[in-house]
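Here's final11.pdb, which has PDB, C-alpha atoms:
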ATOM      1  CA  MET A  51      -6.770  22.600 -23.372
ATOM      2  CA  THR A  52      -5.038  22.082 -20.030
ATOM      3  CA  ILE A  53      -7.017  18.903 -19.471
ATOM      4  CA  LEU A  54      -6.024  17.694 -22.942
ATOM      5  CA  TYR A  55      -2.328  18.409 -22.331
ATOM      6  CA  THR A  56      -2.479  16.592 -18.992
ATOM      7  CA  LEU A  57      -4.161  13.588 -20.576
ATOM      8  CA  VAL A  58      -1.741  13.419 -23.520
ATOM      9  CA  ILE A  59       1.350  13.586 -21.293
ATOM     10  CA  ALA A  60      -0.131  11.044 -18.884
ATOM     11  CA  ALA A  61      -0.985   8.749 -21.797
ATOM     12  CA  PHE A  62       2.570   8.942 -23.181
ATOM     13  CA  PHE A  63       4.200   8.058 -19.863
ATOM     14  CA  GLY A  64       1.591   5.356 -19.296
ATOM     15  CA  TRP A  65       2.244   3.863 -22.730
ATOM     16  CA  VAL A  66       5.989   3.753 -22.037
ATOM     17  CA  MET A  67       5.537   2.000 -18.689
ATOM     18  CA  ASP A  68       3.009  -0.396 -20.186
ATOM     19  CA  ARG A  69       5.402  -1.269 -23.028
ATOM     20  CA  LEU A  70       8.037  -2.009 -20.381
ATOM     21  CA  ARG A  71       5.557  -4.554 -18.966
ATOM     22  CA  VAL A  72       5.439  -2.932 -15.546
ATOM     23  CA  PRO A  73       2.420  -4.271 -13.592
ATOM     24  CA  GLY A  74      -0.147  -1.480 -13.599
ATOM     25  CA  GLY A  75       2.197   0.387 -15.927
ATOM     26  CA  MET A  76      -0.486   2.495 -17.569
ATOM     27  CA  MET A  77      -1.668   3.817 -14.197
ATOM     28  CA  ILE A  78       1.841   4.304 -12.791
ATOM     29  CA  GLY A  79       3.030   6.100 -15.923
ATOM     30  CA  ALA A  80      -0.067   8.301 -15.966
ATOM     31  CA  VAL A  81       0.592   9.358 -12.357
ATOM     32  CA  ILE A  82       4.234  10.153 -13.170
ATOM     33  CA  GLY A  83       3.343  12.073 -16.328
ATOM     34  CA  ALA A  84       0.531  14.155 -14.842
ATOM     35  CA  CYS A  85       2.485  14.815 -11.635
ATOM     36  CA  SER A  86       5.591  15.899 -13.585
ATOM     37  CA  PHE A  87       3.504  18.206 -15.760
ATOM     38  CA  ASN A  88       1.883  19.704 -12.662
ATOM     39  CA  ILE A  89       5.233  20.321 -10.976
ATOM     40  CA  LEU A  90       6.788  21.916 -14.072
ATOM     41  CA  SER A  91       3.811  23.979 -15.179
ATOM     42  CA  GLY A  92       1.624  24.194 -12.104
ATOM     43  CA  GLY A  93      -1.363  23.803 -14.376
ATOM     44  CA  ALA A  94      -2.132  20.090 -14.692
ATOM     45  CA  GLN A  95      -5.849  19.499 -14.451
ATOM     46  CA  MET A  96      -8.237  16.572 -14.615
ATOM     47  CA  PRO A  97     -11.968  16.761 -13.870
ATOM     48  CA  ALA A  98     -13.509  14.671 -11.106
ATOM     49  CA  GLU A  99     -15.441  12.850 -13.828
ATOM     50  CA  ALA A 100     -12.203  11.080 -14.802
ATOM     51  CA  LYS A 101     -12.028   9.297 -11.449
ATOM     52  CA  ILE A 102     -15.753   8.530 -11.583
ATOM     53  CA  ALA A 103     -15.326   6.977 -15.046
ATOM     54  CA  ALA A 104     -12.401   4.866 -13.793
ATOM     55  CA  GLN A 105     -14.457   3.614 -10.841
ATOM     56  CA  ILE A 106     -17.371   2.728 -13.131
ATOM     57  CA  VAL A 107     -15.092   0.805 -15.495
ATOM     58  CA  ALA A 108     -13.475  -0.993 -12.551
ATOM     59  CA  GLY A 109     -16.919  -2.020 -11.315
ATOM     60  CA  ALA A 110     -17.952  -3.096 -14.809
ATOM     61  CA  PHE A 111     -14.749  -5.111 -15.168
ATOM     62  CA  ILE A 112     -15.364  -6.900 -11.873
ATOM     63  CA  GLY A 113     -19.023  -7.620 -12.546
ATOM     64  CA  SER A 114     -18.600  -8.761 -16.147
ATOM     65  CA  GLY A 115     -16.165 -11.448 -15.052
ATOM     66  CA  ILE A 116     -18.573 -13.110 -12.632
ATOM     67  CA  LYS A 117     -20.380 -16.266 -13.667
ATOM     68  CA  ARG A 118     -23.399 -17.938 -12.108
ATOM     69  CA  GLU A 119     -21.254 -20.544 -10.378
ATOM     70  CA  ASP A 120     -19.189 -17.783  -8.763
ATOM     71  CA  ILE A 121     -22.192 -16.611  -6.744
ATOM     72  CA  LYS A 122     -21.736 -19.707  -4.547
ATOM     73  CA  GLN A 123     -18.444 -18.218  -3.293
ATOM     74  CA  MET A 124     -20.067 -15.125  -1.827
ATOM     75  CA  LYS A 125     -20.219 -16.504   1.725
ATOM     76  CA  ALA A 126     -16.469 -17.081   1.720
ATOM     77  CA  ILE A 127     -15.926 -13.403   0.873
ATOM     78  CA  LEU A 128     -17.420 -12.273   4.198
ATOM     79  CA  LYS A 129     -14.868 -14.271   6.187
ATOM     80  CA  ALA A 130     -11.979 -13.032   4.042
ATOM     81  CA  ALA A 131     -13.202  -9.431   4.209
ATOM     82  CA  ALA A 132     -13.547  -9.546   8.009
ATOM     83  CA  ILE A 133      -9.973 -10.825   8.348
ATOM     84  CA  VAL A 134      -8.445  -8.348   5.888
ATOM     85  CA  ILE A 135     -10.329  -5.294   7.188
ATOM     86  CA  SER A 136      -9.517  -6.125  10.826
ATOM     87  CA  CYS A 137      -5.850  -6.701  10.062
ATOM     88  CA  LEU A 138      -5.575  -3.530   7.958
ATOM     89  CA  PHE A 139      -7.112  -1.545  10.803
ATOM     90  CA  ALA A 140      -4.449  -2.944  13.148
ATOM     91  CA  VAL A 141      -1.745  -1.936  10.655
ATOM     92  CA  ASN A 142      -3.399   1.485  10.267
ATOM     93  CA  LEU A 143      -3.369   2.017  14.032
ATOM     94  CA  THR A 144       0.247   0.843  14.372
ATOM     95  CA  ALA A 145       1.391   3.131  11.565
ATOM     96  CA  ALA A 146      -0.468   6.085  13.103
ATOM     97  CA  VAL A 147       1.198   5.588  16.492
ATOM     98  CA  LEU A 148       4.644   5.411  14.848
ATOM     99  CA  ILE A 149       3.950   8.449  12.650
ATOM    100  CA  ARG A 150       2.780  10.467  15.655
ATOM    101  CA  ALA A 151       5.890   9.455  17.604
ATOM    102  CA  THR A 152       8.378  10.347  14.845
ATOM    103  CA  GLY A 153       7.010  13.492  13.206
ATOM    104  CA  PRO A 154       5.150  16.777  13.649
ATOM    105  CA  VAL A 155       1.789  15.110  13.057
ATOM    106  CA  ASP A 156      -1.177  15.033  15.440
ATOM    107  CA  PHE A 157      -2.811  11.666  16.113
ATOM    108  CA  LEU A 158      -6.021  12.288  14.143
ATOM    109  CA  THR A 159      -4.003  13.346  11.098
ATOM    110  CA  ALA A 160      -1.723  10.318  11.509
ATOM    111  CA  LEU A 161      -4.737   7.985  11.565
ATOM    112  CA  PHE A 162      -6.152   9.415   8.339
ATOM    113  CA  ALA A 163      -2.713   9.642   6.707
ATOM    114  CA  SER A 164      -2.202   5.893   7.106
ATOM    115  CA  ALA A 165      -5.770   4.780   6.338
ATOM    116  CA  PRO A 166      -5.995   2.082   3.606
ATOM    117  CA  GLY A 167      -8.607   3.979   1.587
ATOM    118  CA  GLY A 168      -8.757   5.904  -1.657
ATOM    119  CA  LEU A 169      -6.368   8.782  -2.291
ATOM    120  CA  SER A 170      -9.193  10.972  -3.539
ATOM    121  CA  ASP A 171     -11.589  10.165  -0.670
ATOM    122  CA  ILE A 172      -9.559  10.109   2.554
ATOM    123  CA  PRO A 173      -8.077  13.671   2.453
ATOM    124  CA  ILE A 174     -11.552  15.165   1.917
ATOM    125  CA  ILE A 175     -13.017  13.230   4.864
ATOM    126  CA  ALA A 176      -9.948  14.098   6.977
ATOM    127  CA  ALA A 177     -10.371  17.832   6.305
ATOM    128  CA  ASP A 178     -14.046  17.661   7.264
ATOM    129  CA  MET A 179     -13.126  16.084  10.609
ATOM    130  CA  GLY A 180     -10.388  18.574  11.482
ATOM    131  CA  ALA A 181      -7.214  16.761  10.413
ATOM    132  CA  ASP A 182      -4.381  18.445   8.490
ATOM    133  CA  ALA A 183      -5.425  17.749   4.886
ATOM    134  CA  SER A 184      -2.033  18.661   3.364
ATOM    135  CA  GLN A 185      -0.170  16.160   5.555
ATOM    136  CA  VAL A 186      -2.832  13.516   4.931
ATOM    137  CA  LEU A 187      -2.565  13.995   1.156
ATOM    138  CA  ALA A 188       1.240  13.855   1.189
ATOM    139  CA  LEU A 189       1.395  10.628   3.200
ATOM    140  CA  GLN A 190      -1.557   9.085   1.358
ATOM    141  CA  PHE A 191       0.335   9.700  -1.892
ATOM    142  CA  VAL A 192       3.225   7.634  -0.495
ATOM    143  CA  ARG A 193       0.811   4.819   0.389
ATOM    144  CA  PHE A 194      -0.776   5.073  -3.062
ATOM    145  CA  VAL A 195       2.588   4.793  -4.858
ATOM    146  CA  MET A 196       3.512   1.912  -2.582
ATOM    147  CA  GLY A 197       0.243   0.150  -3.392
ATOM    148  CA  ILE A 198       0.216   0.545  -7.182
ATOM    149  CA  ALA A 199       3.931   0.622  -8.021
ATOM    150  CA  ILE A 200       6.112  -1.105  -5.437
ATOM    151  CA  PHE A 201       3.897  -3.949  -4.234
ATOM    152  CA  PRO A 202       2.585  -5.191  -7.625
ATOM    153  CA  SER A 203       6.120  -5.295  -9.068
ATOM    154  CA  LEU A 204       7.410  -7.253  -6.072
ATOM    155  CA  ILE A 205       4.409  -9.585  -6.214
ATOM    156  CA  ALA A 206       4.996 -10.239  -9.919
ATOM    157  CA  ARG A 207       8.675 -10.968  -9.297
ATOM    158  CA  PHE A 208       8.544 -13.116  -6.180
ATOM    159  CA  THR A 209       5.237 -14.999  -6.314
ATOM    160  CA  PRO A 210       4.445 -17.797  -8.780
ATOM    161  CA  ARG A 211       1.627 -17.503 -11.272
ATOM    162  CA  GLN A 212      -1.018 -20.116 -10.515
ATOM    163  CA  GLY A 213      -3.114 -21.831 -13.150
ATOM    164  CA  GLU A 214      -6.458 -21.024 -11.572
ATOM    165  CA  GLU A 215      -5.585 -17.350 -11.481
ATOM    166  CA  GLU A 216      -5.943 -16.918 -15.209
ATOM    167  CA  GLY A 217      -8.731 -14.424 -15.650
ATOM    168  CA  PRO A 218     -11.588 -14.369 -18.106
ATOM    169  CA  GLU A 219      -9.719 -12.279 -20.651
ATOM    170  CA  ALA A 220      -8.351 -15.260 -22.553
ATOM    171  CA  SER A 221     -11.836 -16.475 -23.276
ATOM    172  CA  LYS A 222     -12.992 -12.941 -23.897
ATOM    173  CA  LYS A 223     -10.452 -12.501 -26.662
ATOM    174  CA  GLN A 224     -11.961 -15.513 -28.357
ATOM    175  CA  ALA A 225     -15.471 -14.124 -28.085
ATOM    176  CA  ALA A 226     -17.606 -14.104 -31.172
ATOM    177  CA  GLY A 227     -18.444 -10.981 -33.137
ATOM    178  CA  GLY A 228     -20.412  -8.166 -31.588
ATOM    179  CA  SER A 229     -17.883  -7.626 -28.795
ATOM    180  CA  LEU A 230     -17.989  -3.850 -29.276
ATOM    181  CA  SER A 231     -21.741  -3.743 -28.797
ATOM    182  CA  ASN A 232     -21.455  -6.018 -25.753
ATOM    183  CA  THR A 233     -18.777  -3.751 -24.313
ATOM    184  CA  LEU A 234     -20.929  -0.655 -24.832
ATOM    185  CA  LEU A 235     -23.950  -2.353 -23.272
ATOM    186  CA  THR A 236     -21.918  -3.452 -20.254
ATOM    187  CA  LEU A 237     -20.485   0.037 -19.785
ATOM    188  CA  ALA A 238     -23.915   1.638 -20.145
ATOM    189  CA  VAL A 239     -25.440  -0.582 -17.451
ATOM    190  CA  ALA A 240     -22.465  -0.088 -15.107
ATOM    191  CA  ALA A 241     -22.559   3.681 -15.684
ATOM    192  CA  ALA A 242     -26.282   3.885 -14.891
ATOM    193  CA  PHE A 243     -25.827   1.959 -11.645
ATOM    194  CA  GLY A 244     -22.575   3.770 -10.804
ATOM    195  CA  LEU A 245     -24.110   7.222 -11.183
ATOM    196  CA  ALA A 246     -27.053   6.108  -9.052
ATOM    197  CA  GLY A 247     -24.547   4.951  -6.433
ATOM    198  CA  ARG A 248     -22.739   8.267  -6.561
ATOM    199  CA  ALA A 249     -26.026  10.084  -5.921
ATOM    200  CA  SER A 250     -26.811   7.780  -2.995
ATOM    201  CA  PRO A 251     -25.505   8.290   0.568
ATOM    202  CA  VAL A 252     -23.579   5.001   0.397
ATOM    203  CA  PRO A 253     -19.794   5.515   0.844
ATOM    204  CA  GLY A 254     -17.911   4.255  -2.194
ATOM    205  CA  GLY A 255     -21.276   3.949  -3.927
ATOM    206  CA  THR A 256     -20.008   4.654  -7.446
ATOM    207  CA  MET A 257     -17.858   1.551  -7.722
ATOM    208  CA  ALA A 258     -20.048  -0.626  -5.495
ATOM    209  CA  PHE A 259     -23.223   0.080  -7.480
ATOM    210  CA  ALA A 260     -21.409  -0.248 -10.826
ATOM    211  CA  THR A 261     -20.175  -3.671  -9.728
ATOM    212  CA  ILE A 262     -23.663  -4.763  -8.655
ATOM    213  CA  GLY A 263     -25.171  -3.522 -11.919
ATOM    214  CA  ALA A 264     -22.565  -5.328 -14.001
ATOM    215  CA  ILE A 265     -23.089  -8.559 -12.020
ATOM    216  CA  ILE A 266     -26.845  -8.429 -12.594
ATOM    217  CA  PHE A 267     -26.337  -7.698 -16.281
ATOM    218  CA  LYS A 268     -23.818 -10.532 -16.612
ATOM    219  CA  LEU A 269     -26.206 -13.016 -15.032
ATOM    220  CA  LEU A 270     -29.012 -11.913 -17.337
ATOM    221  CA  TYR A 271     -26.826 -11.485 -20.416
ATOM    222  CA  PRO A 272     -23.817 -13.873 -20.350
ATOM    223  CA  LYS A 273     -22.138 -12.120 -23.311
ATOM    224  CA  ALA A 274     -21.403  -9.031 -21.204
ATOM    225  CA  TRP A 275     -17.665  -8.282 -21.155
ATOM    226  CA  LEU A 276     -14.977  -5.606 -21.232
ATOM    227  CA  GLY A 277     -11.810  -5.776 -23.287
ATOM    228  CA  ARG A 278      -8.241  -4.923 -22.313
ATOM    229  CA  PRO A 279      -8.247  -1.464 -24.008
ATOM    230  CA  VAL A 280     -11.150  -0.331 -21.822
ATOM    231  CA  ARG A 281      -9.329  -1.417 -18.665
ATOM    232  CA  LYS A 282      -6.165   0.373 -19.794
ATOM    233  CA  GLY A 283      -8.200   3.497 -20.481
ATOM    234  CA  ALA A 284      -9.560   3.389 -16.938
ATOM    235  CA  GLN A 285      -6.030   3.032 -15.574
ATOM    236  CA  LEU A 286      -5.034   6.105 -17.571
ATOM    237  CA  LEU A 287      -7.914   8.225 -16.273
ATOM    238  CA  SER A 288      -7.378   7.160 -12.672
ATOM    239  CA  GLY A 289      -3.624   7.756 -12.808
ATOM    240  CA  ALA A 290      -3.955  11.129 -14.546
ATOM    241  CA  TYR A 291      -6.502  12.278 -11.979
ATOM    242  CA  VAL A 292      -4.243  11.367  -9.065
ATOM    243  CA  GLY A 293      -1.091  12.792 -10.668
ATOM    244  CA  ALA A 294      -2.762  16.115 -11.489
ATOM    245  CA  GLY A 295      -3.572  16.560  -7.796
ATOM    246  CA  ILE A 296       0.036  16.169  -6.682
ATOM    247  CA  GLY A 297       2.247  19.228  -7.008
ATOM    248  CA  LEU A 298       5.385  20.767  -5.621
ATOM    249  CA  ALA A 299       3.670  21.648  -2.321
ATOM    250  CA  GLN A 300       2.977  17.993  -1.513
ATOM    251  CA  LEU A 301       6.523  16.929  -2.408
ATOM    252  CA  VAL A 302       7.986  19.711  -0.245
ATOM    253  CA  GLN A 303       5.709  18.556   2.555
ATOM    254  CA  LEU A 304       7.311  15.110   2.368
ATOM    255  CA  LYS A 305      10.735  16.639   3.173
ATOM    256  CA  HIS A 306       9.440  17.423   6.646
ATOM    257  CA  LEU A 307       7.844  13.998   7.020
ATOM    258  CA  ALA A 308      10.819  11.766   6.256
ATOM    259  CA  LEU A 309      10.575   9.594   9.374
ATOM    260  CA  PRO A 310       6.753   9.297   9.204
ATOM    261  CA  VAL A 311       7.133   8.142   5.579
ATOM    262  CA  VAL A 312       9.580   5.445   6.674
ATOM    263  CA  MET A 313       7.209   4.350   9.453
ATOM    264  CA  LEU A 314       4.299   4.193   6.991
ATOM    265  CA  LEU A 315       6.237   2.100   4.479
ATOM    266  CA  LEU A 316       7.594  -0.196   7.183
ATOM    267  CA  SER A 317       4.195  -0.733   8.807
ATOM    268  CA  TYR A 318       2.419  -1.645   5.588
ATOM    269  CA  SER A 319       5.286  -3.792   4.299
ATOM    270  CA  VAL A 320       5.383  -5.929   7.442
ATOM    271  CA  GLY A 321       1.597  -5.883   7.650
ATOM    272  CA  ALA A 322       1.177  -7.077   4.070
ATOM    273  CA  VAL A 323       3.485 -10.040   4.654
ATOM    274  CA  LEU A 324       1.687 -11.040   7.868
ATOM    275  CA  ILE A 325      -1.808 -10.637   6.371
ATOM    276  CA  ALA A 326      -0.879 -12.563   3.220
ATOM    277  CA  THR A 327       0.667 -15.361   5.290
ATOM    278  CA  LEU A 328      -2.504 -15.601   7.406
ATOM    279  CA  LEU A 329      -4.739 -15.735   4.320
ATOM    280  CA  GLN A 330      -2.610 -18.539   2.861
ATOM    281  CA  ARG A 331      -2.569 -20.589   6.058
ATOM    282  CA  LEU A 332      -6.338 -20.313   6.293
ATOM    283  CA  HIS A 333      -6.509 -21.528   2.665
ATOM    284  CA  ILE A 334      -8.541 -18.497   1.602
ATOM    285  CA  PHE A 335      -6.202 -17.414  -1.203
ATOM    286  CA  GLY A 336      -3.170 -18.647  -3.088
ATOM    287  CA  ARG A 337       0.159 -16.879  -2.535
ATOM    288  CA  ARG A 338      -0.140 -14.241  -5.271
ATOM    289  CA  GLU A 339      -3.807 -13.534  -4.538
ATOM    290  CA  ALA A 340      -3.092 -13.260  -0.801
ATOM    291  CA  PHE A 341      -0.488 -10.560  -1.330
ATOM    292  CA  LEU A 342      -2.818  -8.664  -3.657
ATOM    293  CA  ALA A 343      -5.551  -8.834  -1.010
ATOM    294  CA  ALA A 344      -3.108  -7.392   1.561
ATOM    295  CA  THR A 345      -1.868  -4.596  -0.713
ATOM    296  CA  PRO A 346      -2.901  -1.168   0.653
ATOM    297  CA  ALA A 347      -3.954   0.370  -2.666
ATOM    298  CA  GLY A 348      -7.428   1.611  -3.531
ATOM    299  CA  ALA A 349     -10.132  -0.894  -4.450
ATOM    300  CA  SER A 350     -10.615   0.346  -8.005
ATOM    301  CA  ASP A 351      -6.840   0.508  -8.519
ATOM    302  CA  MET A 352      -6.335  -3.108  -7.451
ATOM    303  CA  ALA A 353      -9.256  -4.330  -9.539
ATOM    304  CA  LEU A 354      -7.645  -2.765 -12.606
ATOM    305  CA  ILE A 355      -4.065  -3.813 -11.793
ATOM    306  CA  SER A 356      -4.642  -7.407 -10.641
ATOM    307  CA  ALA A 357      -5.509  -8.444 -14.212
ATOM    308  CA  ASP A 358      -2.059  -7.233 -15.308
ATOM    309  CA  LEU A 359      -0.640  -9.880 -12.960
ATOM    310  CA  GLY A 360      -2.791 -12.604 -14.475
ATOM    311  CA  VAL A 361      -5.056 -12.699 -11.426
ATOM    312  CA  TYR A 362      -8.823 -12.631 -11.657
ATOM    313  CA  ASN A 363     -10.474 -14.038  -8.586
ATOM    314  CA  VAL A 364     -14.052 -13.135  -7.704
ATOM    315  CA  LYS A 365     -13.400 -13.241  -3.960
ATOM    316  CA  LEU A 366     -10.379 -10.968  -4.336
ATOM    317  CA  VAL A 367     -12.009  -8.190  -6.328
ATOM    318  CA  LEU A 368     -15.245  -8.170  -4.316
ATOM    319  CA  LEU A 369     -13.196  -8.154  -1.126
ATOM    320  CA  GLN A 370     -11.526  -4.956  -2.353
ATOM    321  CA  VAL A 371     -14.938  -3.345  -2.877
ATOM    322  CA  MET A 372     -16.017  -4.320   0.643
ATOM    323  CA  ARG A 373     -12.758  -2.937   2.048
ATOM    324  CA  LEU A 374     -13.357   0.379   0.300
ATOM    325  CA  ILE A 375     -16.837   0.712   1.793
ATOM    326  CA  ALA A 376     -15.687  -0.314   5.295
ATOM    327  CA  VAL A 377     -12.755   2.104   5.352
ATOM    328  CA  ILE A 378     -14.860   5.074   4.245
ATOM    329  CA  LEU A 379     -17.926   4.191   6.333
ATOM    330  CA  LEU A 380     -16.437   2.894   9.595
ATOM    331  CA  PHE A 381     -12.838   4.056   9.985
ATOM    332  CA  PRO A 382     -13.404   7.861  10.225
ATOM    333  CA  SER A 383     -15.769   7.519  13.207
ATOM    334  CA  ILE A 384     -13.331   5.193  14.955
ATOM    335  CA  PHE A 385     -10.474   7.616  14.237
ATOM    336  CA  TRP A 386     -12.450  10.455  15.815
ATOM    337  CA  MET A 387     -13.131   8.463  18.973
ATOM    338  CA  LEU A 388      -9.499   7.340  19.271
ATOM    339  CA  ALA A 389      -8.144  10.844  18.756
ATOM    340  CA  LYS A 390     -10.526  12.440  21.243
TER     341      LYS A 390
END
Structure rendered as structure tokens:
Amino acid sequence: MTILYTLVIAAFFGWVMDRLRVPGGMMIGAVIGACSFNILSGGAQMPAEAKIAAQIVAGAFIGSGIKREDIKQMKAILKAAAIVISCLFAVNLTAAVLIRATGPVDFLTALFASAPGGLSDIPIIAADMGADASQVLALQFVRFVMGIAIFPSLIARFTPRQGEEEGPEASKKQAAGGSLSNTLLTLAVAAAFGLAGRASPVPGGTMAFATIGAIIFKLLYPKAWLGRPVRKGAQLLSGAYVGAGIGLAQLVQLKHLALPVVMLLLSYSVGAVLIATLLQRLHIFGRREAFLAATPAGASDMALISADLGVYNVKLVLLQVMRLIAVILLFPSIFWMLAK
């Protein structure tokens, strides 16, 4: 019953934020609702399967929007990914140095606390490598809120919507009958691949494999698609899962990390502007897409939120998947060497 209560409260807050047309409102509201319930009752709970389901849906959403002609753009993704991952590492390192200099945080913990990875993945890896998991979780929560709440709203307000950014949903809404069966088929294929990816040793395998499976299915079966309700449901599950993991202890922890929080926000704000400007000048992305590419939220979160901003770009969403894999696979080893 606790899981049901958490989900219902998260859904209510998510519905309110979505009705207010906040970008990523369903996810943001779900985080607020589940977190509030956890603080007041201490009993909010969501199973790990909720996050897995959200990652599978995010992968299915990415893959089902790819057409045969989009495959030609794959080479361009490697260049964009190399630029974004390198720049985010520089921002990560800068933020870690500032956090270490302004708060009671050791350097290894500071590196993990400012890593541009997933909120559910980074604290676990950090604990395994000897960092302070509670400090990592507290600061990662700040980065997460910054990535899904602050940045998307600012992007929606201050960047113009471009015609080519209109995603596939408009055409999907006009799809012929049988959309429910196509949705179920797409989800089934993505789930099979996603679960295989989760069982594999590949970091971030759930979402990466789900995306690959959905792409293959889309190329073989062009009617594959996912509707808006499915994407909103994934936002709800992801937000509820994150919110249920944040309690009073993490918020109290932030009281002692005031200056490190400021340094983290400042580093990623300046970094996002510089990275987005570079991507525009290199003509890799338009203005709105460039800022979304530079946003330090999780890959699955950005894949689900970018559609709320009217953006669906194959290079952008696949870049986010590559960033997720790189951060989980490469960054921890580099952090260990830097700290030691």
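By all atoms listed in the file, and with residues fewer than 2 positions from Ala343 of chain A along its chain excluded, the set lying at most 8 Å from it is Val134, Ala326, Glu339, Ala340, Phe341, Thr345, Leu366, Leu369 and Gln370 of chain A.
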Would you be able to write out as a ChimeraX atom specification which residues have an atom within 12 Å of (-5.1, 1.2, -11.1) in the file's coordinates, counting only C-alpha atoms? /A:64,73-81,101,104-105,107-108,168-169,194-195,197-199,202,281-292,347-358
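Each of A:Ile205, A:Ile112, A:Ile175, A:Ala103 was checked against Ile265 of chain A using only C-alpha atoms; the smallest atom-to-atom distance is that of A:Ile112.
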Taking the file as shown, what set of residues would the PyMOL selection byres ((chain A and resi 159) around 12) give back, as JSON, numbers by chain? {"A": [142, 143, 145, 146, 147, 149, 150, 153, 154, 155, 156, 157, 158, 160, 161, 162, 163, 164, 165, 172, 173, 175, 176, 177, 178, 179, 180, 181, 182, 183, 184, 185, 186, 187, 188, 189, 190, 310, 382, 385, 386, 388, 389]}
Tell me which of A:Val312, A:Met96, A:Ile102, A:Ala131 sits closest to Thr52 of chain A, counting all atoms listed in the file. A:Met96
Just to confirm, what's the straight-line distance from atom CA of Arg248 of chain A to atom CA of Val192 of chain A in Å (one decimal)? 26.7 Å
My list of candidates is A:Ile200, A:Ile375, A:Ala274, A:Ala240. Which is closest to Phe259 of chain A when distances are computed with all atoms listed in the file?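 Among A:Ile200, A:Ile375, A:Ala274, A:Ala240, it is A:Ala240 that comes nearest to Phe259 of chain A.
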Find, counting only C-alpha atoms, the residue in A:Ala294, A:Leu70, A:Val302, A:Leu128 that gets nearest to Ile53 of chain A.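 Selected residue with least distance to Ile53 of chain A: A:Ala294.
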So the first atom is atom CA of Leu374 of chain A and the second is atom CA of Pro166 of chain A; what is the distance between them in Å, to one decimal place? 8.2 Å
So which residues touch Ala132 of chain A within 12 Å, counting only C-alpha atoms, skipping near sequence neighbours fewer than 6 positions away, as a list in words? Lys125, Ala126, Leu138, Phe139, Ile325, Leu329, Leu369, Gln370, Met372, Arg373, Ala376 and Val377 of chain A
Under the rule that only C-alpha atoms are counted, which of A:Val66, A:Leu324, A:Leu245, A:Leu235 is the nearest residue to Ser114 of chain A?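 Using only C-alpha atoms, the shortest distance to Ser114 of chain A belongs to A:Leu235.
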